[in-house]
Amino acid sequence: ELLEGARRAFDAFFQRYPYCYGYWRKYAELERRLGSARSAQQVGRALLGFEGEIPLFSGVWEGTAPCPAGAGAGAAVDPAEPGAVAELHRAPAELAGPSTARERPEGQGVSNGGNNPGEILGMGGECPWECPESAQRVWGAFEAALAAAGMDFRSDKLWESYLEWERERGDLRAVTAIYDRLLSMPTQLYSHHWERFKEHVLQHPPGAILSPEELLWEDLDQEKIRELVISMRQQIYAQNEAEVSKRWNFEDGIKRPYFHVKPLERAQLRNWREYLDFEVAAGSQERSIVLFERCLIACALYEEFWVKYTRYLESRTVPGARSVFQRACGFHLPRKPNIHLLWAAFEEKQGNIEEARRILRCFEAAVPGLAMVRLRRVSLERRHGRVAEAEALLLEAMRANEGLPLGSFYAVKLARQVCKVQKNLGKARKVLVEALEKDPDNARLHANLLEMEFGADVGQNEGNTMSCFERALRSPLPDEAKLLFSQRRVEFLEDFGSSIHRTEQPGGTPGRVWGLPPERCPLPSLLKAYDEHQKILKAHATRKRAPENGSEEPDDKRLRPDDPSGLLGPLNFSGGDPNPSYNYWYQHGYGTYGYQSPWGYSHYYGQS
């Protein structure tokens with residue numbers, strides 16, 4: 001019961017924080033102590049990513065590989081040491097460049113079909129390390145480890161473990177081959193490896209360490225052969241030293257390469273950004289992927305690095321980018337909206353419309369009430385011809401937020417969609433009028449209803465446009481907003497009014513307008529509107545007259561740019577942008593609703 005309870009606790013913890021290497025070690029130790037060695041190996045496999053998409057740790061690879069002196073599997077290194085905390089993820093097959101793994105002679109390949117780490121790591125003490133079958137599996141485990149973590153700047157211990165294992169087996173040519181790969185790999189202890197390689201050459205006869213191709217020098221003196229071997233690799237070492245020097249300052253700036261829930265300092269975040277930009281600009285796809293994976297262990301809770309990684313992979317491998325999205329949204333950032341929106345847009349771009357719907361729907365169920373997610377769902381349905389579903393989503397959101405500012409926000413979105421997409425002005429008008437009955441002092445509703453009426457034929461819709469002004473001036477809007485509506489009414493009649501003074505509409509019919517009782521129907525009279533505006537202006541100037549003591553007007557009485565009543569300033573009825581008020585409100589009016597305008601569309605939907 002104790003073991004089962006601990007398993008449930010660990011499993012639940014790793015669903016949220018899978019990069020906590022120390023806790024994986026505790027889990028494996030618990031399984032080894034209370035369960036079995038095979039159960040402990042299964043924990044290691046889960047960490048290494050063979051049962052799910054959990055990233056790789058070079059320290060775990062080092063602990064998985066058997067020690068040459070017989071320490072056995074599971075002798076993991078301390079995660080506090082630099083080499084134990086670099087996290088790497090299996091690169092998708094499409095990302096893998098030319099393999100650097102050396103080929104085994106024919107007949108000595110890894111059993112069970114090659115380099116499948118999930119098969120290789122299932123050693124479990126089935127036979128002694130000296131038997132050929134076990135040696136092949138250990139060799140395969142080392143090669144899999146190097147393929148995953150060998151390009152890590154701090155992977156020196158992994159390389160040294162491989163070298164030492166081959167030395168213990170007496171395969172000196174294999175040691176030379178490993179050095180040939182290592183000497184071109186920028187790592188932290190590059191100079192130490194160079195010195196060890198020279199010792200290796202000087203301490204053993206050339207015939208025992210060189211490949212058959214290099215043994216063509218047999219007619220030369222052994223010392224001369226050693227000098228040639230070292231001099232041929234001297235240039236490789238010099239090039240590698242130059243690569244290390246380019247990265248040294250970046251590596252020195254990494255103070256916390258392991259995962260922790262505490263925030264990173266700004267300097268470290270800036271260092272990761274600059275390091276990633278450098279590696280991407282250098283052009284090595286393999287090294288860029290390795291660095292991204294290293295970065296994501298320390299910065300797993302920072303959305304920007306996941307987004308940067310997906311954008312890098314998208315143009316190179318769609319499955320790789322999808323895998324990163326799944327890891328980010330499934331484990332590390334389950335409640336971050338932007339990464340989910342980008343994932344949905346990514347899937348939509350690939351033609352996976354149902355998957356995009358599922359992503360948005362599931363995220364909204366997990367984090368309800370976000371306008372940006374609901375609007376992305378609406379736009380997804382609209383783009384793919386499901387206008388009725390888009391309208392239903394907006395109606396549902398509007399009713400769920402009835403009586404709240406967000407309800408009025410959705411009313412505006414629904415009215416604009418009905419008007420612009422469905423071409424139904426009457427239905428759109430009804431939506432806004434009903435919203436105004438519930439929220440009469442919402443200046444945005446008045447402004448958008450006015451803009452919608454103004455967008456129709458001015459000659460045919462003059463009465464409805466005037467009713468918007470009348471409704472706004474009779475509403476409980478602030479005085480500043482009423483002043484602006486009054487001013488815009490005068491401008492509208494000046495520019496588009498059909499008569500300077502009229503008490504009846506053309507044809508002798510009364511001035512009846514939509515949505516108002518007969519006794520409240522406005523008369524489209526420019527002179528009357530002008531007289532009323534002068535009265536409002538005079539009253540407003542009296543109230544706003546500066547105090548006699550010369551002090552400035554209190555801040556709470558000023559008309560602020562972010563005040564809803566102040567969003568009518570750009571209204572213009574004399575030409576230009578046909579919907580200036582809406583555009584201004586659309587760009588600046590999200591603050592009241594907690595709605596962020598940068599949705600992340602620009603990356604996936606370029607501007608035409």
# chains A, B, ... in the order shown; residues from 1 in each chain; ligands from 1
call {"tool": "residues_around", "arguments": {"residues": "Tyr190 of chain A", "least_positions_apart": "5", "cutoff": "12 Å", "atoms": "only C-alpha atoms", "output": "PDB file with N, CA and C atoms, in the first residue's frame"}}
result
ATOM      1  N   PHE A 153      27.031  20.667 -24.381  1.00  0.00           N
ATOM      2  CA  PHE A 153      28.311  21.273 -24.010  1.00  0.00           C
ATOM      3  C   PHE A 153      28.856  20.652 -22.726  1.00  0.00           C
ATOM      4  N   ARG A 154      27.978  20.131 -21.881  1.00  0.00           N
ATOM      5  CA  ARG A 154      28.413  19.573 -20.599  1.00  0.00           C
ATOM      6  C   ARG A 154      28.241  18.054 -20.560  1.00  0.00           C
ATOM      7  N   SER A 155      28.434  17.406 -21.672  1.00  0.00           N
ATOM      8  CA  SER A 155      28.264  15.953 -21.751  1.00  0.00           C
ATOM      9  C   SER A 155      29.582  15.205 -21.601  1.00  0.00           C
ATOM     10  N   ASP A 156      30.605  15.835 -21.034  1.00  0.00           N
ATOM     11  CA  ASP A 156      31.940  15.222 -20.976  1.00  0.00           C
ATOM     12  C   ASP A 156      31.940  13.893 -20.229  1.00  0.00           C
ATOM     13  N   LYS A 157      31.181  13.803 -19.139  1.00  0.00           N
ATOM     14  CA  LYS A 157      31.181  12.566 -18.355  1.00  0.00           C
ATOM     15  C   LYS A 157      30.627  11.399 -19.155  1.00  0.00           C
ATOM     16  N   TRP A 159      30.868  10.979 -22.443  1.00  0.00           N
ATOM     17  CA  TRP A 159      31.926  10.558 -23.354  1.00  0.00           C
ATOM     18  C   TRP A 159      33.024   9.790 -22.606  1.00  0.00           C
ATOM     19  N   GLU A 160      33.398  10.275 -21.433  1.00  0.00           N
ATOM     20  CA  GLU A 160      34.457   9.602 -20.681  1.00  0.00           C
ATOM     21  C   GLU A 160      34.026   8.213 -20.236  1.00  0.00           C
ATOM     22  N   TYR A 179      37.436   9.076 -29.762  1.00  0.00           N
ATOM     23  CA  TYR A 179      38.165  10.341 -29.673  1.00  0.00           C
ATOM     24  C   TYR A 179      38.025  11.152 -30.964  1.00  0.00           C
ATOM     25  N   ARG A 181      35.532  11.385 -32.828  1.00  0.00           N
ATOM     26  CA  ARG A 181      34.240  12.081 -32.755  1.00  0.00           C
ATOM     27  C   ARG A 181      34.261  13.165 -31.690  1.00  0.00           C
ATOM     28  N   LEU A 182      34.862  12.876 -30.570  1.00  0.00           N
ATOM     29  CA  LEU A 182      34.842  13.803 -29.437  1.00  0.00           C
ATOM     30  C   LEU A 182      35.680  15.052 -29.694  1.00  0.00           C
ATOM     31  N   LEU A 183      36.806  14.905 -30.409  1.00  0.00           N
ATOM     32  CA  LEU A 183      37.699  16.039 -30.619  1.00  0.00           C
ATOM     33  C   LEU A 183      37.078  17.131 -31.491  1.00  0.00           C
ATOM     34  N   SER A 184      36.038  16.797 -32.237  1.00  0.00           N
ATOM     35  CA  SER A 184      35.350  17.813 -33.041  1.00  0.00           C
ATOM     36  C   SER A 184      34.067  18.294 -32.376  1.00  0.00           C
ATOM     37  N   MET A 185      33.858  17.906 -31.128  1.00  0.00           N
ATOM     38  CA  MET A 185      32.633  18.250 -30.415  1.00  0.00           C
ATOM     39  C   MET A 185      32.932  19.344 -29.384  1.00  0.00           C
ATOM     40  N   GLU A 195      44.337  16.314 -24.365  1.00  0.00           N
ATOM     41  CA  GLU A 195      45.503  15.790 -23.650  1.00  0.00           C
ATOM     42  C   GLU A 195      45.383  14.292 -23.435  1.00  0.00           C
ATOM     43  N   ARG A 196      44.192  13.815 -23.094  1.00  0.00           N
ATOM     44  CA  ARG A 196      44.001  12.374 -22.896  1.00  0.00           C
ATOM     45  C   ARG A 196      44.195  11.617 -24.211  1.00  0.00           C
ATOM     46  N   PHE A 197      43.789  12.230 -25.322  1.00  0.00           N
ATOM     47  CA  PHE A 197      43.990  11.574 -26.612  1.00  0.00           C
ATOM     48  C   PHE A 197      45.481  11.441 -26.919  1.00  0.00           C
ATOM     49  N   ILE A 236      41.912  19.779 -36.354  1.00  0.00           N
ATOM     50  CA  ILE A 236      40.540  19.558 -35.865  1.00  0.00           C
ATOM     51  C   ILE A 236      40.375  20.132 -34.466  1.00  0.00           C
ATOM     52  N   TYR A 237      41.387  19.904 -33.630  1.00  0.00           N
ATOM     53  CA  TYR A 237      41.340  20.443 -32.270  1.00  0.00           C
ATOM     54  C   TYR A 237      41.319  21.973 -32.280  1.00  0.00           C
ATOM     55  N   ALA A 238      42.107  22.581 -33.158  1.00  0.00           N
ATOM     56  CA  ALA A 238      42.142  24.048 -33.221  1.00  0.00           C
ATOM     57  C   ALA A 238      40.789  24.609 -33.663  1.00  0.00           C
ATOM     58  N   GLN A 239      40.171  23.969 -34.643  1.00  0.00           N
ATOM     59  CA  GLN A 239      38.843  24.415 -35.064  1.00  0.00           C
ATOM     60  C   GLN A 239      37.822  24.254 -33.940  1.00  0.00           C
ATOM     61  N   ASN A 240      37.927  23.139 -33.230  1.00  0.00           N
ATOM     62  CA  ASN A 240      37.002  22.911 -32.118  1.00  0.00           C
ATOM     63  C   ASN A 240      37.219  23.932 -31.004  1.00  0.00           C
ATOM     64  N   GLU A 241      38.472  24.283 -30.769  1.00  0.00           N
ATOM     65  CA  GLU A 241      38.776  25.291 -29.747  1.00  0.00           C
ATOM     66  C   GLU A 241      38.146  26.632 -30.104  1.00  0.00           C
ATOM     67  N   ALA A 242      38.155  26.980 -31.386  1.00  0.00           N
ATOM     68  CA  ALA A 242      37.524  28.221 -31.823  1.00  0.00           C
ATOM     69  C   ALA A 242      36.013  28.182 -31.589  1.00  0.00           C
ATOM     70  N   GLU A 243      35.395  27.030 -31.858  1.00  0.00           N
ATOM     71  CA  GLU A 243      33.953  26.891 -31.617  1.00  0.00           C
ATOM     72  C   GLU A 243      33.633  26.999 -30.130  1.00  0.00           C
ATOM     73  N   VAL A 244      34.471  26.408 -29.306  1.00  0.00           N
ATOM     74  CA  VAL A 244      34.257  26.488 -27.857  1.00  0.00           C
ATOM     75  C   VAL A 244      34.353  27.932 -27.375  1.00  0.00           C
ATOM     76  N   SER A 245      35.325  28.671 -27.890  1.00  0.00           N
ATOM     77  CA  SER A 245      35.508  30.060 -27.455  1.00  0.00           C
ATOM     78  C   SER A 245      34.293  30.917 -27.814  1.00  0.00           C
ATOM     79  N   TRP A 248      31.724  30.029 -25.019  1.00  0.00           N
ATOM     80  CA  TRP A 248      32.140  29.971 -23.616  1.00  0.00           C
ATOM     81  C   TRP A 248      31.416  31.004 -22.754  1.00  0.00           C
TER      82      TRP A 248
END
call {"tool": "residues_around", "arguments": {"residues": "segment 312-316 of chain A", "least_positions_apart": "6", "cutoff": "10 Å", "atoms": "only C-alpha atoms", "output": "PyMOL selection string"}}
result
chain A and resi 94-95+280+285+288-289+292+306+322-324+346
call {"tool": "residues_around", "arguments": {"residues": "Ser486 of chain A", "least_positions_apart": "5", "cutoff": "10 Å", "atoms": "only C-alpha atoms", "output": "list in words"}}
result
Phe469, Glu470, Ala472, Leu473, Glu480, Ala481, Glu491, Phe492, Ala529, Tyr530, Glu532, His533, Gln534, Ile536 and Leu537 of chain A
call {"tool": "select_by_dssp", "arguments": {"residues": "segment 321-364 of chain A", "states": "helix (DSSP H, G or I)", "output": "count of residues only"}}
result
37
call {"tool": "closest_residue", "arguments": {"among": "A:Lys198, A:Arg311, A:Arg383, A:His446", "to": "Phe409 of chain A", "atoms": "only C-alpha atoms"}}
result
A:His446
call {"tool": "atom_distance", "arguments": {"atom1": "atom CA of Ala321 of chain A", "atom2": "atom CA of Trp343 of chain A"}}
result
9.2 Å
call {"tool": "closest_residue", "arguments": {"among": "A:Ala281, A:Leu3, A:Ala174, A:Leu484", "to": "His540 of chain A", "atoms": "only C-alpha atoms"}}
result
A:Leu484
call {"tool": "atom_distance", "arguments": {"atom1": "atom CA of Leu375 of chain A", "atom2": "atom CA of Tyr410 of chain A"}}
result
9.0 Å
call {"tool": "residues_around", "arguments": {"residues": "Leu449 of chain A", "least_positions_apart": "2", "cutoff": "12 Å", "atoms": "only C-alpha atoms", "output": "PyMOL selection string"}}
result
chain A and resi 408+411-416+419+425-436+442-447+451-456+464-469+471-472+579+581-582
call {"tool": "write_last_selection", "arguments": {"atoms": "C-alpha atoms", "output": "tab-separated table (two decimals), in the first residue's frame"}}
result
chain	number	residue	atom	x	y	z
A	408	SER	CA	-21.70	43.85	-24.08
A	411	ALA	CA	-22.89	41.65	-28.23
A	412	VAL	CA	-20.76	43.98	-30.35
A	413	LYS	CA	-18.86	41.03	-31.84
A	414	LEU	CA	-22.09	39.19	-32.62
A	415	ALA	CA	-23.73	42.27	-34.18
A	416	ARG	CA	-20.75	42.94	-36.40
A	419	CYS	CA	-24.09	42.59	-40.15
A	425	LEU	CA	-28.62	44.71	-40.65
A	426	GLY	CA	-31.99	44.32	-38.93
A	427	LYS	CA	-30.86	41.32	-36.89
A	428	ALA	CA	-27.59	43.04	-35.97
A	429	ARG	CA	-29.49	46.17	-34.91
A	430	LYS	CA	-31.73	44.08	-32.67
A	431	VAL	CA	-28.72	42.52	-30.94
A	432	LEU	CA	-27.25	45.91	-30.03
A	433	VAL	CA	-30.56	47.50	-29.04
A	434	GLU	CA	-31.28	44.61	-26.68
A	435	ALA	CA	-27.79	44.91	-25.26
A	436	LEU	CA	-28.34	48.65	-24.69
A	442	ASN	CA	-22.09	51.59	-22.25
A	443	ALA	CA	-20.60	54.09	-24.68
A	444	ARG	CA	-19.11	51.35	-26.83
A	445	LEU	CA	-22.52	49.88	-27.55
A	446	HIS	CA	-23.87	53.30	-28.56
A	447	ALA	CA	-20.83	54.01	-30.72
A	451	GLU	CA	-21.30	53.13	-36.82
A	452	MET	CA	-23.34	50.19	-38.03
A	453	GLU	CA	-26.26	52.46	-38.98
A	454	PHE	CA	-23.92	54.93	-40.61
A	455	GLY	CA	-22.38	52.11	-42.66
A	456	ALA	CA	-25.72	51.52	-44.39
A	464	ASN	CA	-32.21	55.10	-37.79
A	465	THR	CA	-28.93	56.98	-37.57
A	466	MET	CA	-30.66	59.87	-35.83
A	467	SER	CA	-32.33	57.44	-33.43
A	468	CYS	CA	-28.89	56.32	-32.32
A	469	PHE	CA	-27.99	59.90	-31.42
A	471	ARG	CA	-30.86	57.15	-27.65
A	472	ALA	CA	-27.35	58.11	-26.59
A	579	ASN	CA	-15.66	52.79	-39.55
A	581	SER	CA	-14.92	54.68	-34.26
A	582	TYR	CA	-14.97	50.92	-34.33
call {"tool": "atom_distance", "arguments": {"atom1": "atom CA of Leu301 of chain A", "atom2": "atom CA of His332 of chain A"}}
result
6.2 Å
call {"tool": "residues_around", "arguments": {"residues": "Glu4 of chain A", "least_positions_apart": "2", "cutoff": "12 Å", "atoms": "only C-alpha atoms", "output": "PyMOL selection string"}}
result
chain A and resi 1-2+6-11+27+30-31+34-35
call {"tool": "closest_atom_pairs", "arguments": {"of": "segment 145-183 of chain A", "to": "segment 199-223 of chain A", "cutoff": "7 Å", "atoms": "only C-alpha atoms", "output": "JSON lines"}}
result
{"residue": "A:Leu172", "atom": "CA", "partner": "A:Ile209", "partner_atom": "CA", "distance": 5.1}
{"residue": "A:Arg173", "atom": "CA", "partner": "A:Ile209", "partner_atom": "CA", "distance": 4.3}
{"residue": "A:Thr176", "atom": "CA", "partner": "A:Ile209", "partner_atom": "CA", "distance": 6.2}
